[in-house]
file final.txt (compact mmCIF, C-alpha atoms and all ligand atoms)
# COMPACT_ATOMS: atom_id res chain seq x y z
CA MET A 244 0.00 0.00 0.00
CA VAL A 245 2.80 2.38 0.92
CA GLY A 246 4.41 1.60 -2.44
CA LEU A 247 1.22 2.45 -4.30
CA LEU A 248 0.92 5.75 -2.43
CA ARG A 249 4.54 6.65 -3.10
CA ARG A 250 4.21 5.99 -6.80
CA GLY A 251 1.03 8.04 -6.89
CA LYS A 252 -1.13 5.05 -7.92
CA ALA A 253 -3.47 5.85 -5.03
CA SER A 254 -4.29 9.21 -3.59
CA GLY A 255 -4.88 8.11 -0.01
CA PHE A 256 -6.52 5.60 2.37
CA ILE A 257 -9.09 5.34 5.09
CA CYS A 258 -8.15 3.44 8.23
CA HIS A 259 -10.26 2.22 11.14
CA LYS A 260 -8.17 3.86 13.88
CA LEU A 261 -4.71 5.38 14.12
CA ASP A 262 -3.27 2.54 16.20
CA ARG A 263 -4.41 0.11 13.48
CA SER A 264 -2.24 1.87 10.93
CA VAL A 265 1.06 2.23 12.79
CA ARG A 266 2.52 0.52 15.83
CA ASN A 267 5.82 2.33 16.17
CA ILE A 268 7.34 5.75 15.76
CA TYR A 269 9.36 4.79 12.65
CA ASP A 270 6.24 3.84 10.73
CA TRP A 271 4.55 6.93 12.02
CA SER A 272 7.23 9.19 10.54
CA GLU A 273 6.95 7.21 7.27
CA LEU A 274 3.21 7.89 7.26
CA ASN A 275 3.84 11.60 7.91
CA ARG A 276 6.15 11.74 4.96
CA LEU A 277 3.32 10.42 2.78
CA VAL A 278 1.01 13.08 4.17
CA ASP A 279 3.61 15.72 3.35
CA GLN A 280 3.73 14.37 -0.20
CA GLY A 281 0.00 14.96 -0.44
CA ALA A 282 -1.54 11.61 0.45
CA GLN A 283 -5.05 11.84 1.89
CA ILE A 284 -5.21 9.80 5.10
CA HIS A 285 -8.34 9.56 7.21
CA PHE A 286 -9.26 7.64 10.35
CA ALA A 287 -12.89 6.53 10.57
CA HIS A 288 -13.07 6.48 14.38
CA GLU A 289 -11.01 9.56 15.14
CA SER A 290 -11.54 13.09 13.90
CA LEU A 291 -7.93 13.92 13.13
CA ASP A 292 -7.14 16.52 10.52
CA LEU A 293 -3.63 15.71 9.41
CA ASP A 294 -3.50 18.85 7.30
CA SER A 295 -3.78 21.24 10.23
CA LEU A 296 -1.02 21.92 12.78
CA SER A 297 -3.14 21.13 15.83
CA GLY A 298 -4.45 18.00 14.16
CA LYS A 299 -0.86 16.87 13.53
CA LEU A 300 0.06 17.45 17.18
CA SER A 301 -2.86 15.46 18.49
CA ALA A 302 -2.11 12.66 16.00
CA ASP A 303 1.56 12.63 17.11
CA ILE A 304 0.47 12.19 20.70
CA GLN A 305 -1.89 9.36 19.80
CA ALA A 306 0.83 7.66 17.77
CA ALA A 307 3.21 7.86 20.75
CA ILE A 308 0.57 6.32 22.99
CA ALA A 309 -0.11 3.58 20.44
CA ALA A 310 3.63 2.81 20.30
CA HIS A 311 3.79 2.67 24.10
CA TYR A 312 0.78 0.37 24.21
CA SER A 313 2.35 -1.92 21.66
CA ARG A 314 5.69 -2.05 23.51
CA ASN A 315 3.86 -2.74 26.74
CA LEU A 316 1.90 -5.55 25.17
CA ARG A 317 5.04 -7.08 23.75
CA ASP A 318 6.63 -6.94 27.18
CA GLU A 319 3.62 -8.61 28.78
CA VAL A 320 3.61 -11.37 26.18
CA ARG A 321 7.35 -11.87 26.69
CA LYS A 322 6.94 -12.08 30.45
CA GLY A 323 4.16 -14.60 30.03
CA MET A 324 6.29 -16.69 27.71
CA ILE A 325 9.29 -16.67 30.04
CA GLY A 326 7.01 -17.68 32.89
CA ARG A 327 5.76 -20.65 30.92
CA LEU A 328 9.26 -21.58 29.77
CA LYS A 329 10.43 -21.59 33.37
CA GLN A 330 7.67 -24.05 34.18
CA GLY A 331 8.92 -26.23 31.35
CA TYR A 332 6.14 -25.51 28.86
CA LEU A 333 6.93 -24.77 25.25
CA PRO A 334 4.90 -21.63 24.40
CA PHE A 335 4.95 -22.39 20.66
CA THR A 336 3.50 -25.09 18.45
CA ALA A 337 4.81 -28.56 19.11
CA PRO A 338 7.77 -29.61 16.95
CA ARG A 339 7.34 -32.54 14.54
CA GLY A 340 6.92 -35.71 16.59
CA TYR A 341 4.98 -34.08 19.41
CA LEU A 342 1.32 -33.12 19.81
CA ASN A 343 -0.18 -29.89 21.15
CA CYS A 344 -2.32 -30.68 24.16
CA GLY A 345 -3.46 -27.20 25.15
CA ALA A 346 -1.64 -24.26 26.73
CA GLY A 347 -1.42 -25.60 30.28
CA LYS A 348 -0.27 -29.09 29.34
CA PRO A 349 3.11 -30.49 28.28
CA LYS A 350 3.50 -31.56 24.66
CA GLU A 351 2.92 -35.25 24.23
CA ILE A 352 4.78 -37.66 21.96
CA ASP A 353 2.92 -38.25 18.71
CA PRO A 354 2.47 -42.04 18.70
CA VAL A 355 3.04 -42.21 14.94
CA VAL A 356 5.53 -39.49 14.10
CA GLY A 357 7.44 -39.57 17.43
CA PRO A 358 9.12 -42.96 16.86
CA LEU A 359 9.99 -41.88 13.31
CA ILE A 360 11.81 -38.82 14.62
CA ARG A 361 13.75 -41.07 16.99
CA LYS A 362 14.58 -43.32 14.04
CA LEU A 363 15.78 -40.29 12.10
CA PHE A 364 18.24 -39.40 14.87
CA GLU A 365 19.37 -43.02 15.18
CA LEU A 366 19.99 -43.37 11.46
CA TYR A 367 21.85 -40.08 11.24
CA ALA A 368 23.96 -41.03 14.26
CA THR A 369 25.27 -44.09 12.39
CA GLY A 370 27.13 -41.67 10.16
CA ASP A 371 26.04 -43.68 7.13
CA TYR A 372 23.50 -41.17 5.90
CA GLY A 373 23.80 -37.83 4.22
CA PHE A 374 20.77 -35.57 4.20
CA GLN A 375 19.64 -36.84 0.82
CA GLN A 376 19.79 -40.54 1.79
CA LEU A 377 18.31 -39.72 5.18
CA ARG A 378 15.19 -38.08 3.81
CA GLU A 379 14.73 -40.82 1.21
CA GLU A 380 15.05 -43.50 3.88
CA MET A 381 12.70 -41.65 6.24
CA ALA A 382 10.14 -41.21 3.44
CA LYS A 383 10.22 -45.01 3.03
CA HIS A 384 9.39 -45.33 6.72
CA GLY A 385 6.57 -42.81 6.35
CA LEU A 386 8.09 -39.56 7.60
CA THR A 387 7.00 -37.04 4.99
CA THR A 388 5.47 -33.60 4.68
CA SER A 389 1.71 -33.31 5.09
CA ASN A 390 1.19 -33.87 1.37
CA GLY A 391 3.37 -36.96 1.23
CA LYS A 392 6.56 -35.43 -0.16
CA MET A 393 10.06 -36.01 1.18
CA LEU A 394 11.08 -33.67 4.00
CA ALA A 395 12.93 -30.53 2.92
CA LEU A 396 16.65 -30.43 3.67
CA ASP A 397 16.03 -27.41 5.91
CA THR A 398 13.51 -29.41 7.91
CA LEU A 399 16.19 -32.03 8.63
CA THR A 400 18.51 -29.30 9.90
CA ILE A 401 15.77 -27.92 12.11
CA ILE A 402 14.94 -31.34 13.56
CA LEU A 403 18.56 -32.38 14.15
CA ASN A 404 19.31 -29.07 15.89
CA ASN A 405 16.23 -29.01 18.11
CA THR A 406 17.20 -29.68 21.73
CA PHE A 407 13.51 -30.15 22.56
CA TYR A 408 13.84 -33.79 21.50
CA TYR A 409 16.19 -34.57 24.39
CA GLY A 410 14.18 -32.53 26.86
CA VAL A 411 15.62 -29.02 26.76
CA ILE A 412 13.85 -25.99 25.33
CA THR A 413 16.28 -23.55 23.75
CA VAL A 414 15.14 -20.06 22.81
CA LYS A 415 16.93 -19.37 19.57
CA ARG A 416 16.94 -15.58 19.80
CA THR A 417 18.57 -15.37 23.22
CA GLY A 418 20.26 -18.77 23.38
CA GLU A 419 18.73 -19.36 26.80
CA SER A 420 17.66 -22.89 27.66
CA TYR A 421 15.02 -24.30 29.95
CA VAL A 422 14.30 -27.84 31.11
CA GLY A 423 11.11 -29.00 29.43
CA ASN A 424 8.42 -30.92 31.30
CA HIS A 425 7.70 -33.17 28.31
CA THR A 426 8.97 -36.72 27.81
CA PRO A 427 12.16 -36.66 25.71
CA LEU A 428 12.21 -38.73 22.53
CA ILE A 429 15.96 -39.28 22.53
CA THR A 430 18.91 -39.14 24.89
CA ARG A 431 21.30 -36.24 25.09
CA ALA A 432 24.11 -38.57 24.05
CA LEU A 433 22.34 -39.42 20.79
CA PHE A 434 21.62 -35.75 20.14
CA MET A 435 25.25 -34.79 20.76
CA ARG A 436 26.47 -37.54 18.45
CA CYS A 437 24.29 -36.15 15.69
CA GLN A 438 25.64 -32.68 16.45
CA ASP A 439 29.18 -33.99 16.08
CA ILE A 440 28.33 -35.43 12.68
CA LEU A 441 26.48 -32.26 11.66
CA HIS A 442 29.50 -30.16 12.53
CA LYS A 443 31.84 -32.66 10.87
CA ARG A 444 33.67 -33.44 14.11
CA ILE A 445 33.07 -37.03 13.07
CA ARG A 446 33.65 -37.68 9.40
CA ARG A 447 30.67 -39.24 7.77
CA ARG A 448 31.63 -42.42 6.02
CA SER A 449 31.84 -41.84 2.34
CA MET A 450 28.82 -43.33 0.60
CA ARG A 451 30.75 -44.14 -2.53
CA PHE A 452 32.54 -47.01 -0.84
CA ASP A 453 29.86 -47.75 1.70
CA HIS A 454 28.91 -51.30 0.95
CA THR A 455 26.36 -52.80 3.27
CA PHE A 456 28.67 -55.27 4.97
CA ARG A 457 31.74 -53.06 4.95
CA ARG A 458 34.05 -53.98 7.84
CA ARG A 459 31.68 -56.76 8.86
CA ILE A 460 32.93 -59.82 6.97
CA ARG A 461 36.38 -61.22 7.67
CA CYS A 462 38.51 -63.48 5.54
CA GLY A 463 38.63 -66.91 7.18
CA THR A 464 42.27 -67.30 6.20
CA CYS A 465 43.95 -64.01 7.03
CA GLU A 466 41.33 -62.45 9.34
CA ARG A 467 41.24 -59.19 7.42
CA HIS A 468 38.03 -57.45 6.47
CA LEU A 469 36.75 -58.17 2.99
CA ILE A 470 36.39 -55.23 0.66
CA GLY A 471 33.18 -54.61 -1.24
CA GLU A 472 33.02 -53.80 -4.93
CA THR A 473 30.24 -53.54 -7.46
CA GLN A 474 30.49 -55.56 -10.65
CA LYS A 475 27.80 -56.01 -13.28
CA GLY A 476 25.15 -54.83 -10.84
CA HIS A 477 26.17 -57.27 -8.10
CA ILE A 478 28.11 -56.49 -4.97
CA TYR A 479 31.04 -58.75 -4.23
CA TYR A 480 33.21 -58.88 -1.12
CA ARG A 481 36.80 -59.94 -1.72
CA CYS A 482 39.92 -60.42 0.32
CA HIS A 483 42.64 -58.19 -1.01
CA SER A 484 45.53 -59.92 0.79
CA PHE A 485 48.31 -61.45 -1.20
CA GLY A 486 47.77 -65.22 -1.23
CA CYS A 487 44.05 -65.14 -0.50
CA LYS A 488 43.06 -65.09 -4.13
CA GLY A 489 39.56 -66.37 -4.74
CA VAL A 490 38.16 -65.52 -1.34
CA SER A 491 35.03 -63.70 -2.46
CA LEU A 492 31.30 -63.86 -2.13
CA ARG A 493 28.24 -62.09 -3.38
CA GLU A 494 26.11 -59.95 -1.11
CA GLU A 495 23.03 -62.05 -1.92
CA THR A 496 24.92 -65.11 -0.64
CA VAL A 497 25.50 -63.41 2.72
CA ILE A 498 21.84 -62.47 3.06
CA GLU A 499 20.72 -65.96 1.99
CA ALA A 500 23.04 -67.55 4.54
CA LEU A 501 21.64 -65.29 7.24
CA ARG A 502 18.09 -66.31 6.28
CA GLN A 503 18.97 -69.99 6.50
CA GLU A 504 20.61 -69.50 9.85
CA MET A 505 17.35 -68.02 11.07
CA CYS A 506 15.87 -71.54 11.31
CA ARG A 507 18.70 -72.63 13.59
CA LEU A 508 17.86 -69.80 15.97
CA ALA A 509 14.10 -70.34 15.86
CA PRO A 510 13.98 -72.50 19.07
CA VAL A 511 15.48 -69.58 20.97
CA THR A 512 12.37 -67.46 20.31
CA GLN A 513 10.42 -69.64 22.75
CA PHE A 514 13.10 -69.06 25.32
CA SER A 515 12.85 -65.37 24.47
CA ASP A 516 9.11 -65.43 25.30
CA PHE A 517 9.82 -67.29 28.52
CA LEU A 518 12.43 -64.73 29.50
CA CYS A 519 10.12 -61.81 28.69
CA ALA A 520 7.44 -63.22 30.96
CA ARG A 521 9.98 -63.77 33.70
CA LEU A 522 11.32 -60.22 33.38
CA ALA A 523 7.75 -58.88 33.52
CA GLU A 524 7.21 -60.71 36.83
CA ARG A 525 10.39 -59.26 38.18
CA LYS A 526 9.36 -55.82 36.96
CA ALA A 527 6.18 -55.98 38.99
CA ALA A 528 8.25 -56.79 42.05
CA THR A 529 10.50 -53.80 41.55
CA THR A 530 7.75 -51.26 41.00
CA LEU A 531 8.10 -50.39 44.65
CA ASP A 532 11.83 -49.82 44.28
CA LEU A 533 11.12 -47.56 41.35
CA ALA A 534 8.75 -45.45 43.41
CA ALA A 535 11.63 -44.85 45.79
CA ARG A 536 13.91 -44.05 42.86
CA ARG A 537 11.41 -41.55 41.48
CA LYS A 538 11.29 -39.85 44.84
CA GLN A 539 15.07 -39.64 44.98
CA LEU A 540 15.28 -38.24 41.45
CA THR A 541 12.58 -35.67 42.17
CA MET A 542 14.58 -34.51 45.18
CA GLN A 543 17.72 -34.19 43.04
CA ILE A 544 15.80 -32.13 40.48
CA ASP A 545 14.47 -29.86 43.22
CA ALA A 546 18.01 -29.40 44.48
CA ILE A 547 19.12 -28.33 41.00
CA ASN A 548 16.23 -25.89 40.77
CA SER A 549 17.29 -24.20 43.98
CA ARG A 550 20.91 -24.18 42.82
CA GLN A 551 19.75 -22.42 39.66
CA GLY A 552 18.06 -19.81 41.84
CA ALA A 553 21.20 -19.35 43.92
CA LEU A 554 23.25 -19.04 40.74
CA VAL A 555 21.05 -16.22 39.47
CA ASP A 556 21.45 -14.43 42.81
CA MET A 557 25.23 -14.81 42.67
CA HIS A 558 25.24 -13.39 39.18
CA LEU A 559 23.03 -10.45 40.15
CA ASP A 560 25.18 -9.74 43.21
CA GLY A 561 28.22 -9.65 40.96
CA ILE A 562 29.93 -12.62 42.63
CA ILE A 563 30.32 -14.42 39.31
CA ASP A 564 30.71 -12.96 35.84
CA LYS A 565 28.43 -13.52 32.89
CA GLU A 566 30.57 -16.20 31.20
CA THR A 567 30.84 -18.31 34.36
CA PHE A 568 27.14 -17.84 34.95
CA LYS A 569 26.25 -19.00 31.46
CA ALA A 570 28.52 -22.06 31.62
CA LYS A 571 27.26 -23.08 35.07
CA ALA A 572 23.64 -22.49 34.11
CA GLN A 573 24.05 -24.62 31.00
CA SER A 574 25.58 -27.50 32.91
CA LEU A 575 22.76 -27.36 35.46
CA VAL A 576 20.18 -27.39 32.68
CA ASP A 577 21.85 -30.41 31.06
CA ARG A 578 22.08 -32.24 34.37
CA ALA A 579 18.41 -31.53 35.09
CA ALA A 580 17.47 -32.78 31.63
CA ASP A 581 19.36 -36.03 32.27
CA LEU A 582 17.60 -36.45 35.59
CA ARG A 583 14.24 -35.81 33.98
CA ARG A 584 14.95 -38.46 31.40
CA LEU A 585 15.86 -40.93 34.17
CA LEU A 586 12.68 -39.92 35.94
CA SER A 587 10.53 -40.60 32.90
CA GLU A 588 12.29 -43.95 32.45
CA ALA A 589 11.62 -44.78 36.09
CA GLY A 590 7.99 -43.88 35.36
CA LEU A 591 7.87 -46.54 32.68
CA ALA A 592 9.09 -49.03 35.27
CA THR A 593 11.68 -50.52 32.98
CA LEU A 594 14.32 -52.69 34.51
CA PRO A 595 17.93 -52.40 33.54
CA MET A 596 18.42 -55.57 31.52
CA SER A 597 21.67 -57.46 31.53
CA ASP A 598 23.36 -57.73 28.14
CA PRO A 599 22.74 -61.47 27.62
CA ALA A 600 19.09 -60.99 28.52
CA ARG A 601 18.84 -58.14 26.06
CA VAL A 602 20.34 -60.25 23.29
CA ILE A 603 17.80 -63.00 23.87
CA VAL A 604 14.82 -60.68 24.26
CA GLU A 605 15.74 -58.70 21.17
CA LEU A 606 16.37 -61.84 19.17
CA LYS A 607 12.70 -62.27 18.36
CA ASP A 608 12.40 -58.77 16.91
CA THR A 609 15.62 -59.27 15.06
CA LEU A 610 14.53 -62.51 13.45
CA GLU A 611 11.21 -60.94 12.55
CA MET A 612 13.11 -58.11 10.94
CA LEU A 613 15.23 -60.43 8.83
CA ARG A 614 12.19 -62.46 7.79
CA ASN A 615 10.59 -59.31 6.37
CA CYS A 616 13.84 -57.72 5.48
CA ALA A 617 13.41 -55.57 2.43
CA THR A 618 16.85 -54.07 2.23
CA ALA A 619 20.38 -55.23 2.74
CA ARG A 620 20.74 -52.37 5.21
CA GLU A 621 18.28 -54.08 7.54
CA ALA A 622 20.16 -57.32 7.21
CA ARG A 623 23.21 -55.41 8.34
CA LEU A 624 21.35 -54.23 11.46
CA TYR A 625 20.66 -57.90 12.16
CA VAL A 626 24.35 -58.66 11.77
CA ASP A 627 25.26 -55.81 14.11
CA ARG A 628 22.85 -57.00 16.75
CA ILE A 629 23.39 -60.72 17.01
CA VAL A 630 26.37 -61.74 14.91
CA SER A 631 29.75 -61.56 16.56
CA ASN A 632 31.79 -62.87 13.65
CA LEU A 633 31.03 -63.27 9.99
CA SER A 634 33.82 -64.88 8.05
CA VAL A 635 34.29 -66.58 4.71
CA GLN A 636 36.27 -69.60 3.60
CA GLY A 637 36.53 -69.86 -0.16
CA LYS A 638 33.02 -68.94 -1.11
CA LYS A 639 31.16 -70.10 1.96
CA PRO A 640 30.10 -67.76 4.79
CA TYR A 641 30.42 -68.81 8.44
CA ILE A 642 28.37 -67.07 11.09
CA THR A 643 29.12 -66.89 14.80
CA TYR A 644 26.54 -65.41 17.12
CA VAL A 645 27.10 -63.16 20.08
CA SER A 646 27.16 -64.78 23.47
CA PRO A 647 25.08 -66.39 24.89
CA LEU A 648 23.18 -67.40 21.74
CA PRO A 649 25.39 -70.35 20.67
CA PHE A 650 25.27 -71.78 24.19
CA VAL A 651 21.49 -71.35 24.39
CA VAL A 652 20.95 -73.01 20.99
CA GLU A 653 23.13 -75.94 22.00
CA GLN A 654 21.40 -76.44 25.35
CA ILE A 655 17.93 -76.26 23.84
CA LYS A 656 18.89 -78.73 21.14
CA LYS A 657 20.32 -81.12 23.72
CA ALA A 658 17.16 -81.00 25.82
CA SER A 659 14.71 -81.12 22.93
CA GLY A 660 12.48 -84.13 22.55
CA GLY A 661 11.00 -83.83 26.02
CA GLY A 662 7.51 -82.51 26.71
CA GLU A 663 6.46 -79.00 27.55
CA ARG A 664 7.31 -79.50 31.22
CA ASP A 665 10.83 -80.50 30.28
CA GLN A 666 11.16 -77.39 28.16
CA THR A 667 10.17 -75.12 31.03
CA ARG A 668 12.72 -76.89 33.19
CA THR A 669 15.38 -76.40 30.54
CA PHE A 670 14.56 -72.70 30.31
CA GLU A 671 14.72 -72.31 34.07
CA GLU A 672 18.02 -74.10 34.13
CA LEU A 673 19.33 -71.78 31.40
CA CYS A 674 18.26 -68.70 33.33
CA ARG A 675 20.08 -69.97 36.38
CA VAL A 676 23.27 -70.81 34.49
CA LEU A 677 23.30 -67.53 32.57
CA ASP A 678 22.32 -65.53 35.62
CA LEU A 679 19.40 -63.88 33.80
ZN ZN B 701 42.46 -63.17 3.26

call {"tool": "encode", "arguments": {"input": "final.txt", "output": "structure tokens"}}
result
Amino acid sequence: MVGLLRRGKASGFICHKLDRSVRNIYDWSELNRLVDQGAQIHFAHESLDLDSLSGKLSADIQAAIAAHYSRNLRDEVRKGMIGRLKQGYLPFTAPRGYLNCGAGKPKEIDPVVGPLIRKLFELYATGDYGFQQLREEMAKHGLTTSNGKMLALDTLTIILNNTFYYGVITVKRTGESYVGNHTPLITRALFMRCQDILHKRIRRRSMRFDHTFRRRIRCGTCERHLIGETQKGHIYYRCHSFGCKGVSLREETVIEALRQEMCRLAPVTQFSDFLCARLAERKAATTLDLAARRKQLTMQIDAINSRQGALVDMHLDGIIDKETFKAKAQSLVDRAADLRRLLSEAGLATLPMSDPARVIVELKDTLEMLRNCATAREARLYVDRIVSNLSVQGKKPYITYVSPLPFVVEQIKKASGGGERDQTRTFEELCRVLDL
């Protein structure tokens, strides 16, 4: 509109009230310049004659009051926002992966998008994905824009830099951070790892040579890792040592061998179910312990809150300088975020699982994953989870599983043939031996 007036395309305008037309003194002087150039400006609800001297004076005063009102309002809004931030509420729309639940309530994890955001962080943290591959892969999993397109590259940057996901609200303009009262989607460690990759402190593995089983298959003769290469559309892994000529196999062979091995591990899934049930029983028993842990964590968080208060006082009294204050405040915020994460975990009543137990419990998921495995990349995840050594002799792959899987398979095989009661006894025996 101002442009049209300046170019003389319009001779003036009518506005509802003065404070609807300008909100600050700069705009007001701009408007006056237009009046001086001959623009006809009228206010429907105020009888201001901008052509007369007294009319100008009274309009100036009203403009100053409007500017004051606007500044005051901004201040009030700011105060309100800081108040809500201090209570851990995010006074903006929920980031992708969270849901808005009303002004007085924490943001809740979106049951569909939330896990996808976590996946995005996990994939990026592997260092295997650039932004392009990452958004393609995430689109395959269903993380897209509202009209089904791949996420924009900028969106990835925004997500990967948002501390909200690990439980801390950072105000971009001031750099201040507050502990959120929402449940974090990821750990701070995962976030920081992604930051390291983003800022190239960790070199992303070059995709050009990134074959799926890179550094995962060893030569059975010389123990070195096989090196992947693409030939006629197939991926081959070869030993490049002198004297190991002919040690090579196709990627499909590796995946096929893994599939066949799946049958050998199948009996363990029953043991996996048994163990899950047993862990659930134990979980019920420790719910009481967790209540105590929650109380302890809450007390620690309270202590940090009061330390934050004391820190502000020290800063205001001039005992510590701004830099020290900022550093200390940041470390307190991080510590509080960690504690909050522990608290939310304690709320879920999850037990710390021993590593062997985790291997066995996860085995079922892992096998399921391989059964439906669409990509070689997923087969690699399977390898990373339960295979301790993958080697090749000539053209045949040999697979060794992580402990205690081989032992469990052997024991179950030995005891098989008995009835259901015998199986339960075997499982109980296994739990005792493995200290699960
Ligand atoms: Zn070799």

call {"tool": "atom_distance", "arguments": {"input": "final.txt", "atom1": "CA of Met435 (chain A)", "atom2": "CA of Glu588 (chain A)"}}
result
19.7 Å

call {"tool": "residues_near_ligand", "arguments": {"input": "final.txt", "ligand": "ligand ZN 701 (chain B)", "cutoff": "10 Å", "atoms": "all atoms listed in the file", "output": "JSON, numbers by chain"}}
result
{"A": [461, 462, 463, 464, 465, 466, 467, 468, 469, 481, 482, 483, 484, 485, 486, 487, 488, 489, 490, 491, 635, 636, 637]}

call {"tool": "closest_residue", "arguments": {"input": "final.txt", "among": "A:Val355, A:Leu613, A:Phe650, A:Val604", "to": "Ala520 (chain A)", "atoms": "only C-alpha atoms"}}
result
A:Val604

call {"tool": "axis_aligned_box", "arguments": {"input": "final.txt", "around": "region 395-412 of chain A", "padding_each_side": "6 Å", "output": "AutoDock Vina command-line options"}}
result
--center_x 16.1 --center_y -30.3 --center_z 14.9 --size_x 18.4 --size_y 20.6 --size_z 35.9

call {"tool": "residues_near_point", "arguments": {"input": "final.txt", "point": "(-5.0, 14.2, 8.0)", "cutoff": "10 Å", "atoms": "all atoms listed in the file", "output": "CSV table (one decimal) with C-alpha atoms, keeping the file's coordinate frame"}}
result
chain,number,residue,atom,x,y,z
A,275,ASN,CA,3.8,11.6,7.9
A,278,VAL,CA,1.0,13.1,4.2
A,279,ASP,CA,3.6,15.7,3.4
A,281,GLY,CA,0.0,15.0,-0.4
A,282,ALA,CA,-1.5,11.6,0.4
A,283,GLN,CA,-5.0,11.8,1.9
A,284,ILE,CA,-5.2,9.8,5.1
A,285,HIS,CA,-8.3,9.6,7.2
A,286,PHE,CA,-9.3,7.6,10.4
A,290,SER,CA,-11.5,13.1,13.9
A,291,LEU,CA,-7.9,13.9,13.1
A,292,ASP,CA,-7.1,16.5,10.5
A,293,LEU,CA,-3.6,15.7,9.4
A,294,ASP,CA,-3.5,18.8,7.3
A,295,SER,CA,-3.8,21.2,10.2
A,296,LEU,CA,-1.0,21.9,12.8
A,298,GLY,CA,-4.4,18.0,14.2
A,299,LYS,CA,-0.9,16.9,13.5
A,302,ALA,CA,-2.1,12.7,16.0

call {"tool": "closest_residue", "arguments": {"input": "final.txt", "among": "A:Glu319, A:Glu380, A:Asp270, A:Glu671", "to": "Ala306 (chain A)", "atoms": "all atoms listed in the file"}}
result
A:Asp270

call {"tool": "residues_near_point", "arguments": {"input": "final.txt", "point": "(24.7, -61.3, 12.7)", "cutoff": "12 Å", "atoms": "all atoms listed in the file", "output": "PyMOL selection string"}}
result
chain A and resi 456+459-460+497-498+500-502+504-505+508+602+606+609-610+613+621-634+640-646+648

call {"tool": "atom_distance", "arguments": {"input": "final.txt", "atom1": "CA of Thr455 (chain A)", "atom2": "CA of Asp608 (chain A)"}}
result
20.4 Å

call {"tool": "residues_around", "arguments": {"input": "final.txt", "residues": "region 347-351 of chain A", "least_positions_apart": "5", "cutoff": "7 Å", "atoms": "only C-alpha atoms", "output": "ChimeraX atom specification"}}
result
/A:332,337,341-342,424-425

call {"tool": "atom_distance", "arguments": {"input": "final.txt", "atom1": "CA of Ile412 (chain A)", "atom2": "CA of Pro334 (chain A)"}}
result
10.0 Å

call {"tool": "residues_around", "arguments": {"input": "final.txt", "residues": "Trp271 (chain A)", "least_positions_apart": "4", "cutoff": "10 Å", "atoms": "all atoms listed in the file", "output": "tab-separated table (two decimals) with C-alpha atoms, in the coordinates of the input"}}
result
chain	number	residue	atom	x	y	z
A	261	LEU	CA	-4.71	5.38	14.12
A	262	ASP	CA	-3.27	2.54	16.20
A	264	SER	CA	-2.24	1.87	10.93
A	265	VAL	CA	1.06	2.23	12.79
A	266	ARG	CA	2.52	0.52	15.83
A	267	ASN	CA	5.82	2.33	16.17
A	275	ASN	CA	3.84	11.60	7.91
A	276	ARG	CA	6.15	11.74	4.96
A	277	LEU	CA	3.32	10.42	2.78
A	302	ALA	CA	-2.11	12.66	16.00
A	303	ASP	CA	1.56	12.63	17.11
A	306	ALA	CA	0.83	7.66	17.77
A	307	ALA	CA	3.21	7.86	20.75
A	310	ALA	CA	3.63	2.81	20.30

call {"tool": "residues_around", "arguments": {"input": "final.txt", "residues": "region 562-575 of chain A", "least_positions_apart": "3", "cutoff": "12 Å", "atoms": "only C-alpha atoms", "output": "MDAnalysis selection string"}}
result
chainID A and resid 411:413 417:422 543:559 578:582

call {"tool": "residues_around", "arguments": {"input": "final.txt", "residues": "Leu366 (chain A)", "least_positions_apart": "2", "cutoff": "12 Å", "atoms": "all atoms listed in the file", "output": "ChimeraX atom specification"}}
result
/A:359-364,368-374,376-381,384,403,433-434,436-437,440,620-621,624
